[in-house]
Amino acid sequence: MFNKDKWSEILESLTANPFRTVLTAFGVFWGIFILVLLLAAGNGLENGVRQGFSGIATNSMFMWSQTISKPYKGLPKGRRYNFETEDVQAVKDNVDGLKYVLPRNRLGGWGGANNVVRGLQTGAYTVNGDYPDIINQEPMDILEGRFINQNDIEERRKVAVIGKGVRDGLYKINEDIIGTYIKIQGVNFMVVGMYKKKSGMGRDAQEAQNTIFVPFTAFSQAFNTGDRVGWMAVTAKDGYSITNLKSEVFSVIKKRHKISPEDDRAIGNFDLYEQFKKISGLFTALNIVAYFVGILVLLSGVIGISNIMLITVKERTKEIGVRRALGATPWQIRGQVLLESIVLTLVSGMAGIAFASGLLAIVNSILPSASEADAEVMFLNPSVELSVIVTAMFILLFSGLLAGFIPAQNAIRIKPVDALRTE
Amino acid sequence: MIDIKDLHKSYQVGKNKLHVLKGINFHVEEGELVAIMGSSGSGKSTLLNILGILDEADEGSYHLDGTEIKNLTEKTAARYRNKFLGFIFQSFNLINYKSALDNVALPLFYQGMSGKERTARANDYLERVGLSDWATHLPNELSGGQKQRVAIARAMASHPKVLLADELTGALDSQTSYEIMDLIQKINDEGKTILVVTHEPDIAQMTKRIVNLKDGIIIDDKKIEQQKALANV
């Protein structure tokens with residue numbers, strides 16, 4: 001079937017009317033071009049947003065205490081309560097599958113008043129009392145010095161790791177920061193390191209660099225929070241879903257604080273995994289839309305090919321009749337029409353893919369690459385995977401067959417007699 | 001070579017049945033040159049279609065070189081056409097985007113012959129019809145007579161048992177017609193069986209036997225003294 005003669009036959013009949021062939025091919029070219037571009041655009045957007053999520057342990061949640069909304073065990077509703085340090089241990093002991101349970105206390109932030117002083121400089125910053133493991137949940141690059149460690153926790157050292165934004169606000173350019181002191185609400189902390197957060201967007205990104213991390217224990221002592229815990233960051237182990245473990249964590253807390261098991265409002269939470277899933281779902285939807293639109297555009301191109309093949313078959317009624325009189329079998333005729341339409345579809349499709357890839361390469365060279373990308377970039381490295389190209393080729397092959405099918409059936413319906421009796 | 005017994009064929013035209021062939025008995029020996037004559041509507045084209053395995057009879061039997069032609073699938077019909085028959089048409093029916101050589105080679109392509117062999121044999125037949133210098137020319141660069149010669153070479157190339165010519169001089173002036181008939185006579189002299197459908201008496205006179213068809217039956221079938229075409233050129 002795939003001998004040289006067959007191909008030269010096809011080439012001959014396709015080049016018999018080159019202008020029409022090119023115009024017809026353009027439909028498919030355009031369809032696959034749009035399809036590839038749409039998929040790449042979706043991919044670029046996804047890459048950009050995922051870059052924003054990069055490094056964050058997405059299998060985690062934050063939880064905080066809220067007002068109790070149901071009376072329970074003789075206690076009224078409307079009570080307020082706080083998480084306590086014992087809660088952390090209790091959650092760790094009673095729930096399987098958790099990687100980190102990290103308590104945190106916080107001061108200031110989000111447009112709060114000035115709370116940090118260094119010499120003549122003052123600034124309003126978020127101050128977090130944290131455990132060392134937090135760096136695994138909210139990854140940051142340590143640019144200078146170190147992060148807080150377990151010794152800091154145990155010895156309640158008053159040390160601080162400051163964000164790049166804090167340094168810019170409180171220090172002169174090129175000034176050495178390690179070993180210097182900053183005063184947080186009147187308490188001196190020694191700066192031992194500086195970090196830069198990897199992720200975050202917009203206002204979040206700015207805020208992320210304007211945070212000061214101090215040991216949780218030192219925070220409790222310095223700012224008199226005692227046993228209170230402002231909120232907890234809980235991360236599940238790989239293979240466990242935080243969304244599934246959530247209720248277990250909550251029931252441990254509820255039992256300890258005499259909260260009705262039905263009280264859903266007593267504990268507030270922000271489930272990163274759920275958010276992440278929502279965004280993933282969005283991209284799946286985007287992909288489906290891209291395929292849908294792309295394939296519809298492609299379909300109109302395929303219909304164009306089918307149409308032209310129908311006309312070609314009609315025009316070549318006589319030729320097909322002659323060929324059959326000379327001994328061509330129906331399958332040889334059908335095969336020729338089908339192969340013609342497949343070749344036309346595949347060649348124009350490949351041209352479309354090549355052209356789209358070329359355009360993407362140009363776009364990619366203009367867009368900043370992943371390494372130098374700021375967190376602000378929403379669109380990153382638009383590209384299509386090889387599997388998408390392979391899928392596209394199969395779609396093309398299929399649509400070529402589809403386009404050729406009806407014309408091929410028409411072609412073999414032509415009786416050789418029709419060729420004999422022409423005039 | 002050709003043996004037809006009691007052949008009937010009718011077509012459905014609207015609500016009416018049109019009985020075209022009403023019992024044809026017809027026998028052709030190997031090496032004969034036969035003219036089938038008749039006015040339009042006499043059934044001669046229908047007969048030729050049946051002979052050419054392009055159409056099937058309703059009744060009666062048809063043997064071609066000892067093979068019964070009946071209830072063939074499209075595929076076998078195609079194979080038989082390729083093996084047994086060579087067609088020559090009034091309007092030449094060359095494929096206009098193929099060179100003279102490729103046109104001649106086409107039936108060989110459908111036989112599954114290799115490219116080299118095909119070109120060699122096609123060249124051979126083009127030479128026989130005196131067109132080897134025109135092998136690479138497209139049909140629209142050839143005159144009517146030349147086109148018909150290419151068509152004859154094409155019909156001969158697959159070594160068929162029988163050549164079927166349908167009004168082969170219909171589109172040619174008389175001078176060229178005679179030249180073509182001369183070629184046909186020469187091929188016949190080499191022993192090939194040829195059937196010519198025509199309505200021109202002078203062409204019919206150049207065959208060896210004239211069969212007259214009228215209203216679906218043979219009214220007259222006689223051998224004649226062959227007139228050499230060359231004498232008229």
# chains A, B, ... in the order shown; residues from 1 in each chain; ligands from 1
>>> residues_around(residues="region 292-297 of chain A", least_positions_apart="4", cutoff="6 Å", atoms="only C-alpha atoms", output="PyMOL selection string")
chain A and resi 31+34-35+288
>>> residues_around(residues="Leu230 (chain B)", least_positions_apart="2", cutoff="9 Å", atoms="only C-alpha atoms", output="VMD selection string")
chain B and resid 178 to 179 181 to 182 227 to 228 232 to 233
>>> residues_around(residues="region 125-135 of chain B", least_positions_apart="5", cutoff="10 Å", atoms="only C-alpha atoms", output="PyMOL selection string")
chain B and resi 99-105+119-120+141-142+146-157+180+183+187
>>> write_last_selection(atoms="N, CA, C and O atoms", output="JSON list (two decimals), in the first residue's frame")
[["chain", "number", "residue", "atom", "x", "y", "z"],
["B", 99, "SER", "N", 1.82, 12.00, -18.01],
["B", 99, "SER", "CA", 2.47, 12.01, -19.31],
["B", 99, "SER", "C", 1.97, 10.81, -20.12],
["B", 99, "SER", "O", 1.34, 9.90, -19.60],
["B", 100, "ALA", "N", 2.24, 10.86, -21.41],
["B", 100, "ALA", "CA", 1.83, 9.78, -22.31],
["B", 100, "ALA", "C", 2.32, 8.44, -21.77],
["B", 100, "ALA", "O", 1.58, 7.46, -21.70],
["B", 101, "LEU", "N", 3.58, 8.44, -21.34],
["B", 101, "LEU", "CA", 4.18, 7.20, -20.83],
["B", 101, "LEU", "C", 3.43, 6.68, -19.60],
["B", 101, "LEU", "O", 3.08, 5.51, -19.51],
["B", 102, "ASP", "N", 3.15, 7.60, -18.66],
["B", 102, "ASP", "CA", 2.45, 7.20, -17.43],
["B", 102, "ASP", "C", 1.04, 6.71, -17.72],
["B", 102, "ASP", "O", 0.54, 5.81, -17.06],
["B", 103, "ASN", "N", 0.40, 7.34, -18.72],
["B", 103, "ASN", "CA", -0.93, 6.88, -19.10],
["B", 103, "ASN", "C", -0.89, 5.45, -19.59],
["B", 103, "ASN", "O", -1.73, 4.63, -19.23],
["B", 104, "VAL", "N", 0.10, 5.14, -20.41],
["B", 104, "VAL", "CA", 0.21, 3.79, -20.95],
["B", 104, "VAL", "C", 0.52, 2.80, -19.82],
["B", 104, "VAL", "O", 0.06, 1.67, -19.81],
["B", 105, "ALA", "N", 1.28, 3.29, -18.84],
["B", 105, "ALA", "CA", 1.71, 2.40, -17.76],
["B", 105, "ALA", "C", 0.61, 2.14, -16.73],
["B", 105, "ALA", "O", 0.73, 1.25, -15.90],
["B", 119, "THR", "N", 7.77, 0.92, -17.01],
["B", 119, "THR", "CA", 8.28, 1.94, -17.92],
["B", 119, "THR", "C", 8.80, 1.29, -19.20],
["B", 119, "THR", "O", 8.55, 1.79, -20.31],
["B", 120, "ALA", "N", 9.48, 0.17, -19.02],
["B", 120, "ALA", "CA", 10.04, -0.50, -20.20],
["B", 120, "ALA", "C", 8.93, -0.93, -21.15],
["B", 120, "ALA", "O", 8.98, -0.66, -22.36],
["B", 141, "GLU", "N", -0.78, 18.29, -24.92],
["B", 141, "GLU", "CA", 0.24, 18.73, -25.87],
["B", 141, "GLU", "C", 0.24, 17.84, -27.13],
["B", 141, "GLU", "O", 1.11, 17.98, -27.97],
["B", 142, "LEU", "N", -0.74, 16.92, -27.17],
["B", 142, "LEU", "CA", -0.80, 15.98, -28.30],
["B", 142, "LEU", "C", -2.01, 16.29, -29.16],
["B", 142, "LEU", "O", -3.01, 16.83, -28.68],
["B", 146, "GLN", "N", -2.80, 11.58, -32.08],
["B", 146, "GLN", "CA", -1.74, 11.11, -31.16],
["B", 146, "GLN", "C", -2.34, 10.61, -29.86],
["B", 146, "GLN", "O", -1.91, 9.59, -29.32],
["B", 147, "LYS", "N", -3.35, 11.35, -29.36],
["B", 147, "LYS", "CA", -3.99, 10.93, -28.12],
["B", 147, "LYS", "C", -4.58, 9.54, -28.28],
["B", 147, "LYS", "O", -4.45, 8.68, -27.40],
["B", 148, "GLN", "N", -5.26, 9.32, -29.44],
["B", 148, "GLN", "CA", -5.88, 8.02, -29.64],
["B", 148, "GLN", "C", -4.83, 6.92, -29.76],
["B", 148, "GLN", "O", -5.03, 5.81, -29.29],
["B", 149, "ARG", "N", -3.67, 7.28, -30.29],
["B", 149, "ARG", "CA", -2.59, 6.29, -30.37],
["B", 149, "ARG", "C", -2.10, 5.94, -28.96],
["B", 149, "ARG", "O", -1.86, 4.76, -28.67],
["B", 150, "VAL", "N", -1.98, 6.96, -28.13],
["B", 150, "VAL", "CA", -1.58, 6.70, -26.73],
["B", 150, "VAL", "C", -2.62, 5.78, -26.09],
["B", 150, "VAL", "O", -2.28, 4.81, -25.40],
["B", 151, "ALA", "N", -3.91, 6.09, -26.33],
["B", 151, "ALA", "CA", -4.98, 5.28, -25.75],
["B", 151, "ALA", "C", -4.89, 3.84, -26.22],
["B", 151, "ALA", "O", -5.12, 2.90, -25.45],
["B", 152, "ILE", "N", -4.55, 3.67, -27.51],
["B", 152, "ILE", "CA", -4.42, 2.31, -28.05],
["B", 152, "ILE", "C", -3.24, 1.60, -27.38],
["B", 152, "ILE", "O", -3.35, 0.43, -26.97],
["B", 153, "ALA", "N", -2.13, 2.33, -27.25],
["B", 153, "ALA", "CA", -0.97, 1.74, -26.58],
["B", 153, "ALA", "C", -1.34, 1.33, -25.16],
["B", 153, "ALA", "O", -0.95, 0.27, -24.68],
["B", 154, "ARG", "N", -2.15, 2.18, -24.49],
["B", 154, "ARG", "CA", -2.56, 1.88, -23.12],
["B", 154, "ARG", "C", -3.42, 0.62, -23.08],
["B", 154, "ARG", "O", -3.27, -0.23, -22.21],
["B", 155, "ALA", "N", -4.35, 0.54, -24.06],
["B", 155, "ALA", "CA", -5.24, -0.62, -24.09],
["B", 155, "ALA", "C", -4.45, -1.91, -24.34],
["B", 155, "ALA", "O", -4.82, -2.97, -23.86],
["B", 156, "MET", "N", -3.35, -1.80, -25.10],
["B", 156, "MET", "CA", -2.58, -2.98, -25.46],
["B", 156, "MET", "C", -1.59, -3.40, -24.37],
["B", 156, "MET", "O", -1.19, -4.57, -24.31],
["B", 157, "ALA", "N", -1.20, -2.42, -23.56],
["B", 157, "ALA", "CA", -0.06, -2.63, -22.67],
["B", 157, "ALA", "C", -0.24, -3.81, -21.71],
["B", 157, "ALA", "O", 0.72, -4.50, -21.39],
["B", 180, "ILE", "N", -5.66, 5.83, -37.81],
["B", 180, "ILE", "CA", -5.92, 5.04, -36.60],
["B", 180, "ILE", "C", -6.41, 3.64, -36.97],
["B", 180, "ILE", "O", -5.97, 2.63, -36.41],
["B", 183, "LEU", "N", -3.72, 1.42, -37.91],
["B", 183, "LEU", "CA", -3.04, 0.88, -36.73],
["B", 183, "LEU", "C", -3.83, -0.30, -36.17],
["B", 183, "LEU", "O", -3.26, -1.34, -35.84],
["B", 187, "ILE", "N", -2.64, -4.18, -35.72],
["B", 187, "ILE", "CA", -2.68, -4.91, -34.45],
["B", 187, "ILE", "C", -3.48, -6.20, -34.63],
["B", 187, "ILE", "O", -3.10, -7.26, -34.12]]
>>> interface_residues(of="chain B", to="chain A", cutoff="6 Å", atoms="only C-alpha atoms", output="PyMOL selection string")
chain B and resi 54+75+78-79+81-82+107+110
>>> write_last_selection(atoms="N, CA, C and O atoms", output="mmCIF file, in the first residue's frame")
data_model
loop_
_atom_site.group_PDB
_atom_site.id
_atom_site.type_symbol
_atom_site.label_atom_id
_atom_site.label_comp_id
_atom_site.auth_asym_id
_atom_site.auth_seq_id
_atom_site.Cartn_x
_atom_site.Cartn_y
_atom_site.Cartn_z
ATOM 1 N N LEU B 54 -18.511 -4.061 -17.650
ATOM 2 C CA LEU B 54 -18.844 -2.831 -16.936
ATOM 3 C C LEU B 54 -20.295 -2.901 -16.478
ATOM 4 O O LEU B 54 -20.741 -2.108 -15.664
ATOM 5 N N LYS B 75 -14.248 -6.504 -7.227
ATOM 6 C CA LYS B 75 -12.801 -6.719 -7.261
ATOM 7 C C LYS B 75 -12.399 -7.672 -8.386
ATOM 8 O O LYS B 75 -11.476 -7.405 -9.141
ATOM 9 N N ALA B 78 -12.831 -6.030 -11.674
ATOM 10 C CA ALA B 78 -11.698 -5.149 -11.973
ATOM 11 C C ALA B 78 -10.510 -5.960 -12.472
ATOM 12 O O ALA B 78 -9.819 -5.569 -13.414
ATOM 13 N N ARG B 79 -10.309 -7.117 -11.845
ATOM 14 C CA ARG B 79 -9.165 -7.930 -12.252
ATOM 15 C C ARG B 79 -9.351 -8.482 -13.663
ATOM 16 O O ARG B 79 -8.433 -8.481 -14.473
ATOM 17 N N ARG B 81 -11.225 -7.183 -16.029
ATOM 18 C CA ARG B 81 -11.096 -6.073 -16.983
ATOM 19 C C ARG B 81 -9.631 -5.831 -17.295
ATOM 20 O O ARG B 81 -9.233 -5.633 -18.429
ATOM 21 N N ASN B 82 -8.835 -5.854 -16.223
ATOM 22 C CA ASN B 82 -7.408 -5.586 -16.386
ATOM 23 C C ASN B 82 -6.724 -6.690 -17.195
ATOM 24 O O ASN B 82 -5.864 -6.433 -18.023
ATOM 25 N N PRO B 107 -2.545 0.787 -16.585
ATOM 26 C CA PRO B 107 -3.098 -0.558 -16.338
ATOM 27 C C PRO B 107 -2.060 -1.508 -15.740
ATOM 28 O O PRO B 107 -2.414 -2.415 -14.977
ATOM 29 N N TYR B 110 -1.964 -1.073 -12.067
ATOM 30 C CA TYR B 110 -3.031 -1.797 -11.376
ATOM 31 C C TYR B 110 -2.805 -3.300 -11.382
ATOM 32 O O TYR B 110 -3.429 -4.026 -10.632
#
>>> residues_around(residues="Phe89 (chain B)", least_positions_apart="4", cutoff="8 Å", atoms="only C-alpha atoms", output="JSON list (two decimals) with C-alpha atoms, in the first residue's frame")
[["chain", "number", "residue", "atom", "x", "y", "z"],
["A", 420, "LEU", "CA", -17.55, 5.37, -21.38],
["B", 93, "ASN", "CA", -9.99, 9.41, -21.73],
["B", 151, "ALA", "CA", -4.98, 5.28, -25.75],
["B", 165, "ALA", "CA", -13.16, 0.25, -29.10],
["B", 166, "ASP", "CA", -16.11, 2.55, -28.65],
["B", 167, "GLU", "CA", -16.46, 4.96, -31.57],
["B", 168, "LEU", "CA", -12.72, 5.26, -31.57]]
>>> atom_distance(atom1="CA of Ile267 (chain A)", atom2="CA of Thr126 (chain A)")
22.7 Å
>>> residues_around(residues="Ile134 (chain A)", least_positions_apart="2", cutoff="12 Å", atoms="only C-alpha atoms", output="count of residues only")
32
>>> closest_residue(among="A:Thr345, A:Asn364, A:Asn174, A:Gln275", to="Ala403 (chain A)", atoms="only C-alpha atoms")
A:Thr345
>>> select_by_dssp(residues="region 76-220 of chain B", states="helix (DSSP H, G or I)", output="count of residues only")
75
>>> select_by_dssp(residues="region 24-225 of chain B", states="strand (DSSP E or B)", output="PyMOL selection string")
chain B and resi 24-28+33-37+59-64+67-68+85-88+162-166+193-197+209-214+217-223
>>> atom_distance(atom1="CA of Asp55 (chain B)", atom2="CA of Glu74 (chain B)")
10.8 Å
>>> closest_residue(among="B:Tyr80, B:Thr207, B:Gly60, B:Gly145", to="Thr176 (chain B)", atoms="only C-alpha atoms")
B:Gly145
>>> residues_around(residues="Leu51 (chain B)", least_positions_apart="4", cutoff="9 Å", atoms="only C-alpha atoms", output="number ranges by chain")
B: 2, 46-47, 55-56, 62, 64, 164
>>> atom_distance(atom1="CA of Glu84 (chain A)", atom2="CA of Val166 (chain A)")
29.5 Å
>>> residues_around(residues="Val20 (chain B)", least_positions_apart="3", cutoff="8 Å", atoms="only C-alpha atoms", output="list in words")
His8, Lys9, Ser10, Tyr11, Gly41, Ser42, Gly43, Thr46, Asp215 and Gly216 of chain B
>>> write_last_selection(atoms="all heavy atoms", output="compact mmCIF listing (two decimals), in the first residue's frame")
# COMPACT_ATOMS: atom_id res chain seq x y z
N HIS B 8 -30.13 -11.02 -22.37
CA HIS B 8 -31.20 -10.03 -22.17
C HIS B 8 -30.74 -8.97 -21.19
O HIS B 8 -30.06 -9.27 -20.24
CB HIS B 8 -32.45 -10.71 -21.61
CG HIS B 8 -33.18 -11.51 -22.62
ND1 HIS B 8 -34.22 -11.01 -23.38
CD2 HIS B 8 -33.01 -12.79 -23.03
CE1 HIS B 8 -34.66 -11.96 -24.20
NE2 HIS B 8 -33.94 -13.06 -24.01
N LYS B 9 -31.18 -7.76 -21.48
CA LYS B 9 -30.86 -6.68 -20.53
C LYS B 9 -31.97 -5.64 -20.59
O LYS B 9 -32.37 -5.21 -21.67
CB LYS B 9 -29.52 -6.02 -20.91
CG LYS B 9 -29.13 -4.86 -20.04
CD LYS B 9 -28.65 -5.30 -18.66
CE LYS B 9 -28.41 -4.11 -17.76
NZ LYS B 9 -28.04 -4.57 -16.40
N SER B 10 -32.47 -5.25 -19.44
CA SER B 10 -33.46 -4.17 -19.45
C SER B 10 -33.13 -3.16 -18.36
O SER B 10 -32.49 -3.49 -17.36
CB SER B 10 -34.88 -4.72 -19.28
OG SER B 10 -34.87 -5.78 -18.37
N TYR B 11 -33.53 -1.95 -18.60
CA TYR B 11 -33.29 -0.87 -17.63
C TYR B 11 -34.61 -0.38 -17.10
O TYR B 11 -35.62 -0.39 -17.79
CB TYR B 11 -32.55 0.30 -18.30
CG TYR B 11 -31.12 0.00 -18.63
CD1 TYR B 11 -30.71 -0.13 -19.96
CD2 TYR B 11 -30.17 -0.14 -17.62
CE1 TYR B 11 -29.38 -0.39 -20.26
CE2 TYR B 11 -28.85 -0.40 -17.92
CZ TYR B 11 -28.46 -0.53 -19.24
OH TYR B 11 -27.17 -0.79 -19.53
N GLY B 41 -29.75 3.84 -29.71
CA GLY B 41 -30.89 3.15 -29.14
C GLY B 41 -31.00 1.72 -29.59
O GLY B 41 -31.91 1.00 -29.19
N SER B 42 -30.07 1.30 -30.40
CA SER B 42 -30.14 -0.08 -30.88
C SER B 42 -29.63 -1.07 -29.83
O SER B 42 -29.84 -2.26 -29.93
CB SER B 42 -29.33 -0.23 -32.16
OG SER B 42 -27.96 0.06 -31.90
N GLY B 43 -28.92 -0.54 -28.86
CA GLY B 43 -28.43 -1.42 -27.80
C GLY B 43 -26.95 -1.75 -27.93
O GLY B 43 -26.42 -2.55 -27.18
N THR B 46 -24.93 -0.80 -24.79
CA THR B 46 -25.24 -1.73 -23.71
C THR B 46 -24.50 -3.05 -23.92
O THR B 46 -23.91 -3.60 -22.98
CB THR B 46 -26.76 -1.99 -23.65
OG1 THR B 46 -27.42 -0.74 -23.66
CG2 THR B 46 -27.14 -2.78 -22.43
N ASP B 215 -32.92 -2.42 -32.41
CA ASP B 215 -33.93 -2.65 -31.37
C ASP B 215 -33.61 -3.86 -30.51
O ASP B 215 -34.50 -4.65 -30.15
CB ASP B 215 -35.31 -2.81 -32.00
CG ASP B 215 -35.73 -1.54 -32.71
OD1 ASP B 215 -35.24 -0.46 -32.28
OD2 ASP B 215 -36.50 -1.63 -33.67
N GLY B 216 -32.36 -4.03 -30.20
CA GLY B 216 -32.00 -5.06 -29.23
C GLY B 216 -31.82 -6.45 -29.79
O GLY B 216 -31.62 -7.37 -29.01
>>> closest_residue(among="B:Phe92, B:Asp6, B:Thr73, B:Glu29", to="Ser143 (chain B)", atoms="only C-alpha atoms")
B:Phe92
>>> closest_residue(among="A:Ser8, A:Leu143, A:Phe26, A:Gly193", to="Lys98 (chain B)", atoms="only C-alpha atoms")
A:Ser8
>>> decode(residues="region 215-226 of chain B", atoms="N, CA, C and O atoms", output="PDB file, in the first residue's frame")
ATOM      1  N   ASP B 215     -32.922  -2.417 -32.414  1.00  0.00           N
ATOM      2  CA  ASP B 215     -33.931  -2.650 -31.372  1.00  0.00           C
ATOM      3  C   ASP B 215     -33.607  -3.861 -30.508  1.00  0.00           C
ATOM      4  O   ASP B 215     -34.495  -4.647 -30.153  1.00  0.00           O
ATOM      5  N   GLY B 216     -32.356  -4.035 -30.204  1.00  0.00           N
ATOM      6  CA  GLY B 216     -31.995  -5.058 -29.232  1.00  0.00           C
ATOM      7  C   GLY B 216     -31.820  -6.446 -29.785  1.00  0.00           C
ATOM      8  O   GLY B 216     -31.619  -7.373 -29.014  1.00  0.00           O
ATOM      9  N   ILE B 217     -31.862  -6.597 -31.098  1.00  0.00           N
ATOM     10  CA  ILE B 217     -31.545  -7.911 -31.656  1.00  0.00           C
ATOM     11  C   ILE B 217     -30.592  -7.747 -32.840  1.00  0.00           C
ATOM     12  O   ILE B 217     -30.547  -6.689 -33.477  1.00  0.00           O
ATOM     13  N   ILE B 218     -29.837  -8.819 -33.116  1.00  0.00           N
ATOM     14  CA  ILE B 218     -28.918  -8.773 -34.252  1.00  0.00           C
ATOM     15  C   ILE B 218     -29.741  -9.058 -35.518  1.00  0.00           C
ATOM     16  O   ILE B 218     -30.370 -10.109 -35.648  1.00  0.00           O
ATOM     17  N   ILE B 219     -29.748  -8.089 -36.418  1.00  0.00           N
ATOM     18  CA  ILE B 219     -30.541  -8.307 -37.625  1.00  0.00           C
ATOM     19  C   ILE B 219     -29.678  -8.811 -38.776  1.00  0.00           C
ATOM     20  O   ILE B 219     -30.155  -9.349 -39.744  1.00  0.00           O
ATOM     21  N   ASP B 220     -28.365  -8.619 -38.603  1.00  0.00           N
ATOM     22  CA  ASP B 220     -27.506  -8.947 -39.730  1.00  0.00           C
ATOM     23  C   ASP B 220     -26.115  -9.234 -39.199  1.00  0.00           C
ATOM     24  O   ASP B 220     -25.596  -8.489 -38.378  1.00  0.00           O
ATOM     25  N   ASP B 221     -25.478 -10.293 -39.605  1.00  0.00           N
ATOM     26  CA  ASP B 221     -24.144 -10.640 -39.132  1.00  0.00           C
ATOM     27  C   ASP B 221     -23.413 -11.294 -40.285  1.00  0.00           C
ATOM     28  O   ASP B 221     -23.684 -12.446 -40.632  1.00  0.00           O
ATOM     29  N   LYS B 222     -22.513 -10.536 -40.950  1.00  0.00           N
ATOM     30  CA  LYS B 222     -21.837 -11.135 -42.113  1.00  0.00           C
ATOM     31  C   LYS B 222     -20.365 -10.777 -42.149  1.00  0.00           C
ATOM     32  O   LYS B 222     -19.937  -9.706 -41.701  1.00  0.00           O
ATOM     33  N   LYS B 223     -19.610 -11.731 -42.687  1.00  0.00           N
ATOM     34  CA  LYS B 223     -18.190 -11.461 -42.913  1.00  0.00           C
ATOM     35  C   LYS B 223     -18.079 -10.651 -44.196  1.00  0.00           C
ATOM     36  O   LYS B 223     -18.855 -10.825 -45.123  1.00  0.00           O
ATOM     37  N   ILE B 224     -17.093  -9.734 -44.218  1.00  0.00           N
ATOM     38  CA  ILE B 224     -16.957  -8.904 -45.412  1.00  0.00           C
ATOM     39  C   ILE B 224     -15.512  -8.929 -45.900  1.00  0.00           C
ATOM     40  O   ILE B 224     -14.596  -9.373 -45.206  1.00  0.00           O
ATOM     41  N   GLU B 225     -15.362  -8.414 -47.097  1.00  0.00           N
ATOM     42  CA  GLU B 225     -14.028  -8.239 -47.672  1.00  0.00           C
ATOM     43  C   GLU B 225     -13.420  -7.014 -47.005  1.00  0.00           C
ATOM     44  O   GLU B 225     -13.961  -5.916 -47.094  1.00  0.00           O
ATOM     45  N   GLN B 226     -12.299  -7.198 -46.293  1.00  0.00           N
ATOM     46  CA  GLN B 226     -11.715  -6.077 -45.543  1.00  0.00           C
ATOM     47  C   GLN B 226     -11.094  -5.055 -46.474  1.00  0.00           C
ATOM     48  O   GLN B 226     -10.362  -5.404 -47.398  1.00  0.00           O
TER      49      GLN B 226
END
